[in-house]
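Undergrad: Please find my_file20.cif (mmCIF, C-alpha atoms) on the next line:
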```cif
data_work
#
loop_
_atom_site.label_atom_id
_atom_site.label_comp_id
_atom_site.auth_asym_id
_atom_site.auth_seq_id
_atom_site.Cartn_x
_atom_site.Cartn_y
_atom_site.Cartn_z
CA MET O 107 -48.12 41.81 32.98
CA THR O 108 -46.49 42.57 29.66
CA GLU O 109 -43.38 41.12 28.01
CA HIS O 110 -41.51 44.26 29.10
CA LYS O 111 -42.46 43.72 32.75
CA LEU O 112 -41.48 40.06 32.56
CA LEU O 113 -38.03 41.06 31.31
CA LYS O 114 -37.76 43.72 34.02
CA TYR O 115 -38.52 41.07 36.65
CA LEU O 116 -35.90 38.74 35.15
CA SER O 117 -33.28 41.50 35.13
CA LYS O 118 -33.19 41.45 38.93
CA PRO O 119 -30.38 39.23 40.23
CA PHE O 120 -31.27 35.96 41.92
CA GLU O 121 -29.38 35.36 45.16
CA PHE O 122 -28.22 31.78 45.22
CA PRO O 123 -28.56 29.94 48.54
CA THR O 124 -25.62 29.11 50.74
CA GLY O 125 -25.13 26.17 53.03
CA LYS O 126 -26.23 22.58 52.69
CA ARG O 127 -29.44 21.63 50.92
CA LYS O 128 -31.94 19.95 53.27
CA LEU O 129 -34.51 18.74 50.75
CA THR O 130 -34.40 17.83 47.08
CA PRO O 131 -36.85 19.97 45.05
CA VAL O 132 -39.18 18.04 42.74
CA VAL O 133 -41.87 19.38 40.38
CA ILE O 134 -44.70 16.97 39.56
CA SER O 135 -46.65 18.27 36.60
CA ASP O 136 -47.93 17.88 33.07
CA SER O 137 -46.45 19.62 30.01
CA LYS O 138 -46.36 22.97 31.87
CA GLY O 139 -43.50 21.61 33.90
CA LEU O 140 -41.65 20.57 30.76
CA TYR O 141 -41.76 24.17 29.53
CA LEU O 142 -40.15 25.36 32.76
CA GLN O 143 -37.58 22.57 32.64
CA ARG O 144 -36.52 23.69 29.17
CA ALA O 145 -36.04 27.24 30.53
CA THR O 146 -33.40 26.20 33.09
CA THR O 147 -30.05 27.96 32.76
CA SER O 148 -28.32 28.10 36.16
CA ASN O 149 -26.66 25.39 38.22
CA PHE O 150 -29.23 26.07 40.92
CA GLU O 151 -32.12 25.37 38.54
CA THR O 152 -30.54 22.13 37.36
CA GLN O 153 -30.91 20.79 40.90
CA ILE O 154 -34.68 20.68 40.43
CA LYS O 155 -36.04 17.25 39.52
CA TRP O 156 -38.86 17.23 36.97
CA TRP O 157 -41.37 14.39 37.20
CA CYS O 158 -43.56 15.58 34.35
CA ALA O 159 -45.58 14.03 31.53
CA LYS O 160 -47.64 15.51 28.73
CA SER O 161 -51.42 15.56 29.25
CA ARG O 162 -51.10 14.18 32.79
CA THR O 163 -54.28 14.41 34.86
CA SER O 164 -54.39 14.48 38.65
CA ALA O 165 -55.55 10.84 38.61
CA GLN O 166 -52.56 9.86 36.49
CA GLY O 167 -50.25 11.87 38.73
CA LEU O 168 -51.65 10.15 41.80
CA SER O 169 -51.23 6.74 40.17
CA TRP O 170 -47.64 7.50 39.16
CA LEU O 171 -46.75 8.71 42.66
CA THR O 172 -48.39 5.68 44.27
CA GLN O 173 -46.23 3.41 42.14
CA ASN O 174 -42.96 5.36 42.25
CA LEU O 175 -42.74 7.68 45.26
CA ASP O 176 -41.27 5.19 47.71
CA GLN O 177 -38.46 4.22 45.35
CA LYS O 178 -37.79 7.86 44.43
CA ILE O 179 -37.53 8.97 48.06
CA GLN O 180 -35.23 6.07 48.88
CA HIS O 181 -32.97 7.32 46.10
CA LEU O 182 -33.23 11.07 46.72
CA HIS O 183 -33.96 10.95 50.46
CA ASN O 184 -36.30 13.69 51.68
CA ILE O 185 -37.92 15.87 49.03
CA SER O 186 -39.88 19.08 48.70
CA ALA O 187 -42.57 18.27 46.13
CA TYR O 188 -44.37 20.94 44.12
CA VAL O 189 -47.51 19.38 42.69
CA TRP O 190 -48.68 21.33 39.66
CA LEU O 191 -51.60 19.42 38.19
CA GLY O 192 -55.20 20.14 37.22
CA THR O 193 -55.03 21.69 33.76
CA CYS O 194 -55.85 18.39 32.06
CA ASP O 195 -58.67 17.62 34.51
CA LEU O 196 -61.02 20.42 33.50
CA THR O 197 -60.83 20.13 29.72
CA GLN O 198 -60.84 17.32 27.20
CA TYR O 199 -58.81 16.94 24.01
CA ASN O 200 -60.15 15.48 20.78
CA LYS O 201 -58.44 15.67 17.39
CA GLY O 202 -56.58 18.87 18.20
CA VAL O 203 -59.59 20.63 19.76
CA ILE O 204 -60.06 21.16 23.48
CA SER O 205 -63.40 21.72 25.16
CA LEU O 206 -64.81 21.98 28.66
CA LYS O 207 -65.09 18.56 30.26
CA THR O 208 -68.26 19.32 32.19
CA GLU O 209 -70.24 22.32 33.45
CA SER O 210 -71.07 20.48 36.67
CA ASP O 211 -68.78 20.20 39.69
CA GLU O 212 -67.84 16.62 38.82
CA ALA O 213 -64.40 17.43 37.41
CA ILE O 214 -63.60 19.86 40.24
CA ASN O 215 -64.60 17.38 42.92
CA SER O 216 -62.59 14.59 41.31
CA LEU O 217 -59.52 16.80 41.03
CA LEU O 218 -59.70 17.96 44.64
CA SER O 219 -60.22 14.37 45.80
CA ASN O 220 -57.04 13.33 43.99
CA LEU O 221 -55.05 16.19 45.51
CA ASN O 222 -56.16 15.13 48.98
CA LYS O 223 -55.14 11.56 48.21
CA ILE O 224 -51.70 12.85 47.25
CA VAL O 225 -51.51 14.54 50.66
CA GLU O 226 -52.38 11.21 52.30
CA LEU O 227 -49.66 9.51 50.27
CA PHE O 228 -47.04 11.98 51.48
CA GLN O 229 -48.05 11.45 55.10
CA ARG O 230 -45.96 8.28 54.95
CA TYR O 231 -42.90 10.51 54.53
CA PRO O 232 -43.10 13.07 57.35
CA GLU O 233 -39.60 14.43 56.67
CA SER O 234 -40.61 15.45 53.15
CA LYS O 235 -42.66 18.50 52.22
CA ILE O 236 -45.50 18.99 49.75
CA THR O 237 -46.83 22.18 48.16
CA PHE O 238 -49.59 22.53 45.59
CA ILE O 239 -49.18 25.08 42.81
CA GLU O 240 -52.29 26.83 41.52
CA ILE O 241 -53.57 26.05 38.03
CA PRO O 242 -52.52 28.83 35.64
CA VAL O 243 -55.52 30.36 33.90
CA TYR O 244 -55.81 29.01 30.38
CA SER O 245 -58.11 29.46 27.42
CA ILE O 246 -60.10 27.02 25.32
CA TYR O 247 -60.75 29.81 22.82
CA GLU O 248 -57.08 30.77 22.43
CA TRP O 249 -55.97 27.15 22.06
CA ASN O 250 -58.52 26.33 19.37
CA LYS O 251 -57.81 29.62 17.61
CA SER O 252 -54.09 28.77 17.56
CA ARG O 253 -55.01 25.47 15.91
CA ASN O 254 -56.88 27.33 13.15
CA HIS O 255 -60.33 26.20 14.22
CA THR O 256 -62.91 27.46 11.74
CA ASP O 257 -65.09 29.03 14.45
CA PRO O 258 -63.19 29.58 17.72
CA ASN O 259 -65.80 32.10 18.89
CA GLN O 260 -68.14 29.24 19.74
CA PHE O 261 -65.82 28.42 22.65
CA LEU O 262 -65.99 31.82 24.38
CA ALA O 263 -68.83 30.74 26.67
CA GLN O 264 -66.89 27.60 27.59
CA ASP O 265 -63.89 29.82 28.31
CA GLU O 266 -65.79 31.74 30.96
CA LYS O 267 -67.02 28.56 32.62
CA LEU O 268 -63.52 27.09 32.56
CA LEU O 269 -62.01 30.19 34.16
CA GLU O 270 -64.67 30.08 36.88
CA GLN O 271 -63.70 26.47 37.57
CA VAL O 272 -59.98 27.26 37.61
CA LEU O 273 -60.47 30.10 40.10
CA ARG O 274 -62.62 27.88 42.34
CA VAL O 275 -60.02 25.12 42.33
CA ASN O 276 -57.28 27.63 43.11
CA ASP O 277 -59.22 28.86 46.13
CA LYS O 278 -59.24 25.28 47.42
CA ILE O 279 -55.55 24.83 46.62
CA ARG O 280 -54.71 27.89 48.72
CA GLU O 281 -56.76 26.43 51.58
CA LEU O 282 -54.97 23.11 51.22
CA ASN O 283 -51.56 24.78 51.32
CA THR O 284 -52.58 26.62 54.48
CA THR O 285 -53.36 23.32 56.21
CA LEU O 286 -49.98 22.00 55.06
CA ASN O 287 -48.16 25.15 56.23
CA SER O 288 -46.88 25.55 52.68
CA ARG O 289 -46.42 28.63 50.54
CA ALA O 290 -46.69 28.68 46.76
CA PRO O 291 -45.69 31.28 44.16
CA ASN O 292 -48.54 33.37 42.76
CA ILE O 293 -48.08 32.57 39.08
CA ASN O 294 -51.44 33.89 37.89
CA ALA O 295 -50.44 37.40 38.95
CA ASP O 296 -48.09 37.42 35.96
CA LEU O 297 -50.96 36.88 33.55
CA LYS O 298 -53.11 39.69 34.94
CA ARG O 299 -53.50 42.70 32.68
CA SER O 300 -51.76 45.73 34.18
CA ASN O 301 -54.31 48.29 32.94
CA LEU O 302 -57.38 46.89 34.68
CA LYS O 303 -58.03 49.91 36.89
CA SER O 304 -57.48 52.56 34.26
CA SER O 305 -59.29 50.86 31.40
CA LYS O 306 -62.73 52.09 30.45
CA ASN O 307 -63.63 48.48 29.70
CA GLN O 308 -65.19 47.09 32.86
CA HIS O 309 -63.93 43.60 32.01
CA LYS O 310 -67.25 41.88 32.46
CA ARG O 311 -65.72 38.71 31.07
CA ILE O 312 -63.18 36.93 33.25
CA ARG O 313 -60.92 36.29 30.25
CA ASP O 314 -60.55 40.04 29.66
CA GLN O 315 -58.58 40.30 32.91
CA TYR O 316 -55.66 38.33 31.48
CA ASN O 317 -52.94 38.95 28.90
CA TRP O 318 -53.16 35.93 26.61
CA THR O 319 -50.25 37.09 24.44
CA LEU O 320 -47.88 35.74 27.12
CA HIS O 321 -49.10 32.25 26.26
CA LYS O 322 -47.85 30.32 23.27
CA ASP O 323 -51.27 28.85 22.54
CA GLY O 324 -53.63 29.79 25.36
CA VAL O 325 -52.31 26.93 27.51
CA HIS O 326 -48.51 26.83 27.52
CA PRO O 327 -46.24 29.72 28.56
CA LYS O 328 -43.92 31.45 26.12
CA ARG O 329 -40.21 31.58 26.90
CA ASN O 330 -40.17 34.71 29.07
CA LEU O 331 -43.21 33.67 31.08
CA SER O 332 -41.63 30.23 31.58
CA ARG O 333 -38.47 31.91 32.87
CA VAL O 334 -40.43 34.14 35.26
CA TRP O 335 -42.37 31.19 36.62
CA LEU O 336 -39.15 29.21 37.00
CA ARG O 337 -37.64 32.13 38.92
CA LYS O 338 -40.66 32.20 41.22
CA PHE O 339 -40.41 28.45 41.74
CA SER O 340 -36.70 28.87 42.48
CA THR O 341 -37.33 31.57 45.06
CA GLN O 342 -39.77 29.34 46.93
CA ILE O 343 -37.51 26.31 46.55
CA LYS O 344 -34.63 28.27 48.08
CA ALA O 345 -36.79 29.04 51.13
CA ASP O 346 -38.04 25.47 51.47
CA CYS O 347 -34.95 23.40 50.72
CA TRP O 348 -32.01 25.33 52.23
#
```
Would you put the structure from the file into structure tokens?
TA:
Amino acid sequence: MTEHKLLKYLSKPFEFPTGKRKLTPVVISDSKGLYLQRATTSNFETQIKWWCAKSRTSAQGLSWLTQNLDQKIQHLHNISAYVWLGTCDLTQYNKGVISLKTESDEAINSLLSNLNKIVELFQRYPESKITFIEIPVYSIYEWNKSRNHTDPNQFLAQDEKLLEQVLRVNDKIRELNTTLNSRAPNINADLKRSNLKSSKNQHKRIRDQYNWTLHKDGVHPKRNLSRVWLRKFSTQIKADCW
């Protein structure tokens, strides 16, 4: 998409739900969730609870839920949880620079194991619902470039490997949602370049398929993309919670 198409999407009115809310919507995420939280404007959006923390990995999310979920559900009653983790599992951060954590499947397997443990945790609360949100594609190259790295081009190969890992994890997340009878918004569709079919460039690199200008820094969404993603979350929340 482009900024123009994001604004066109946002220009369409959102139909607010009627009737009594059945579940309390909760987003469990890292800093991505904080960007969406800051984009809230309507009374409907303010009903979403945000259990987010910067740089949170899936292991940290699992640990936090293990320690806090019972108390939270006692307070809120039944919830519809949207687990949006994984970005911080595949890369590592050191002195402002991010890099690929590993080229092996170790990080992927650990992440998927943690997501399955979160499913097991929610089985104690059968009246609540859980949905996993796919990892948005993100870029090591774009992040390091935004931090004025002296040679960001050295990270292009890592970028391709990272994107391969993200797409593989997202395949598994879709499978997991199918087993849970859950539906999730397709957020990566908004990052896809709209001229793929007509372009003479065959887009041999995965990263060429995406419009990185919609990101603030290769990782976090700019304002309009945050608003579009929040609208997509809201549409699914309306279906799940009312």
Undergrad: In Å, rounded to a single decimal, give me how far CA of Gln153 in chain O is from CA of Ile185 in chain O.
TA: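 Spanning CA of Ile185 in chain O to CA of Gln153 in chain O is a straight-line distance of 11.8 Å.
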Undergrad: Give as a PyMOL selection string the residues that the PyMOL selection byres ((chain O and resi 160) around 6) matches when applied to the coordinates above.
TA: chain O and resi 136-137+159+161-162
Undergrad: So, counting all atoms listed in the file, which residue among O:Thr108, O:Gln264, O:Asn200, O:Asn184 is closest to Arg230 in chain O?
TA: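 Closest candidate: O:Asn184.
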Undergrad: What residues come out when you apply the PyMOL selection byres ((chain O and resi 139-151) around 12) to this file, written as an mmCIF file with C-alpha atoms, in the coordinates of the input?
TA:
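Okay, part.cif is ready:
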```
data_model
loop_
_atom_site.group_PDB
_atom_site.id
_atom_site.type_symbol
_atom_site.label_atom_id
_atom_site.label_comp_id
_atom_site.auth_asym_id
_atom_site.auth_seq_id
_atom_site.Cartn_x
_atom_site.Cartn_y
_atom_site.Cartn_z
ATOM 1 C CA PHE O 120 -31.270 35.960 41.920
ATOM 2 C CA GLU O 121 -29.380 35.360 45.160
ATOM 3 C CA PHE O 122 -28.220 31.780 45.220
ATOM 4 C CA PRO O 123 -28.560 29.940 48.540
ATOM 5 C CA THR O 124 -25.620 29.110 50.740
ATOM 6 C CA ARG O 127 -29.440 21.630 50.920
ATOM 7 C CA THR O 130 -34.400 17.830 47.080
ATOM 8 C CA PRO O 131 -36.850 19.970 45.050
ATOM 9 C CA VAL O 132 -39.180 18.040 42.740
ATOM 10 C CA VAL O 133 -41.870 19.380 40.380
ATOM 11 C CA ILE O 134 -44.700 16.970 39.560
ATOM 12 C CA SER O 135 -46.650 18.270 36.600
ATOM 13 C CA ASP O 136 -47.930 17.880 33.070
ATOM 14 C CA SER O 137 -46.450 19.620 30.010
ATOM 15 C CA LYS O 138 -46.360 22.970 31.870
ATOM 16 C CA THR O 152 -30.540 22.130 37.360
ATOM 17 C CA GLN O 153 -30.910 20.790 40.900
ATOM 18 C CA ILE O 154 -34.680 20.680 40.430
ATOM 19 C CA LYS O 155 -36.040 17.250 39.520
ATOM 20 C CA TRP O 156 -38.860 17.230 36.970
ATOM 21 C CA TRP O 157 -41.370 14.390 37.200
ATOM 22 C CA CYS O 158 -43.560 15.580 34.350
ATOM 23 C CA ALA O 159 -45.580 14.030 31.530
ATOM 24 C CA LYS O 160 -47.640 15.510 28.730
ATOM 25 C CA SER O 161 -51.420 15.560 29.250
ATOM 26 C CA ARG O 162 -51.100 14.180 32.790
ATOM 27 C CA TYR O 188 -44.370 20.940 44.120
ATOM 28 C CA VAL O 189 -47.510 19.380 42.690
ATOM 29 C CA TRP O 190 -48.680 21.330 39.660
ATOM 30 C CA LEU O 191 -51.600 19.420 38.190
ATOM 31 C CA THR O 193 -55.030 21.690 33.760
ATOM 32 C CA ILE O 239 -49.180 25.080 42.810
ATOM 33 C CA ILE O 241 -53.570 26.050 38.030
ATOM 34 C CA PRO O 242 -52.520 28.830 35.640
ATOM 35 C CA HIS O 321 -49.100 32.250 26.260
ATOM 36 C CA LYS O 322 -47.850 30.320 23.270
ATOM 37 C CA VAL O 325 -52.310 26.930 27.510
ATOM 38 C CA HIS O 326 -48.510 26.830 27.520
ATOM 39 C CA PRO O 327 -46.240 29.720 28.560
ATOM 40 C CA LYS O 328 -43.920 31.450 26.120
ATOM 41 C CA ARG O 329 -40.210 31.580 26.900
ATOM 42 C CA ASN O 330 -40.170 34.710 29.070
ATOM 43 C CA LEU O 331 -43.210 33.670 31.080
ATOM 44 C CA SER O 332 -41.630 30.230 31.580
ATOM 45 C CA ARG O 333 -38.470 31.910 32.870
ATOM 46 C CA VAL O 334 -40.430 34.140 35.260
ATOM 47 C CA TRP O 335 -42.370 31.190 36.620
ATOM 48 C CA LEU O 336 -39.150 29.210 37.000
ATOM 49 C CA ARG O 337 -37.640 32.130 38.920
ATOM 50 C CA LYS O 338 -40.660 32.200 41.220
ATOM 51 C CA PHE O 339 -40.410 28.450 41.740
ATOM 52 C CA SER O 340 -36.700 28.870 42.480
ATOM 53 C CA THR O 341 -37.330 31.570 45.060
ATOM 54 C CA ILE O 343 -37.510 26.310 46.550
ATOM 55 C CA LYS O 344 -34.630 28.270 48.080
ATOM 56 C CA CYS O 347 -34.950 23.400 50.720
ATOM 57 C CA TRP O 348 -32.010 25.330 52.230
#
```
Undergrad: Which of these, O:Val225, O:Ile293, O:Leu262, O:Val275, has the shortest distance to Asp314 in chain O once you count all atoms listed in the file?
TA: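 Closest residue, counting all atoms listed in the file: O:Leu262.
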Undergrad: Which distance in Å separates CA of Ile279 in chain O and CA of Gln229 in chain O, to one decimal?
TA: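 Separating CA of Ile279 in chain O from CA of Gln229 in chain O is a distance of 17.5 Å.
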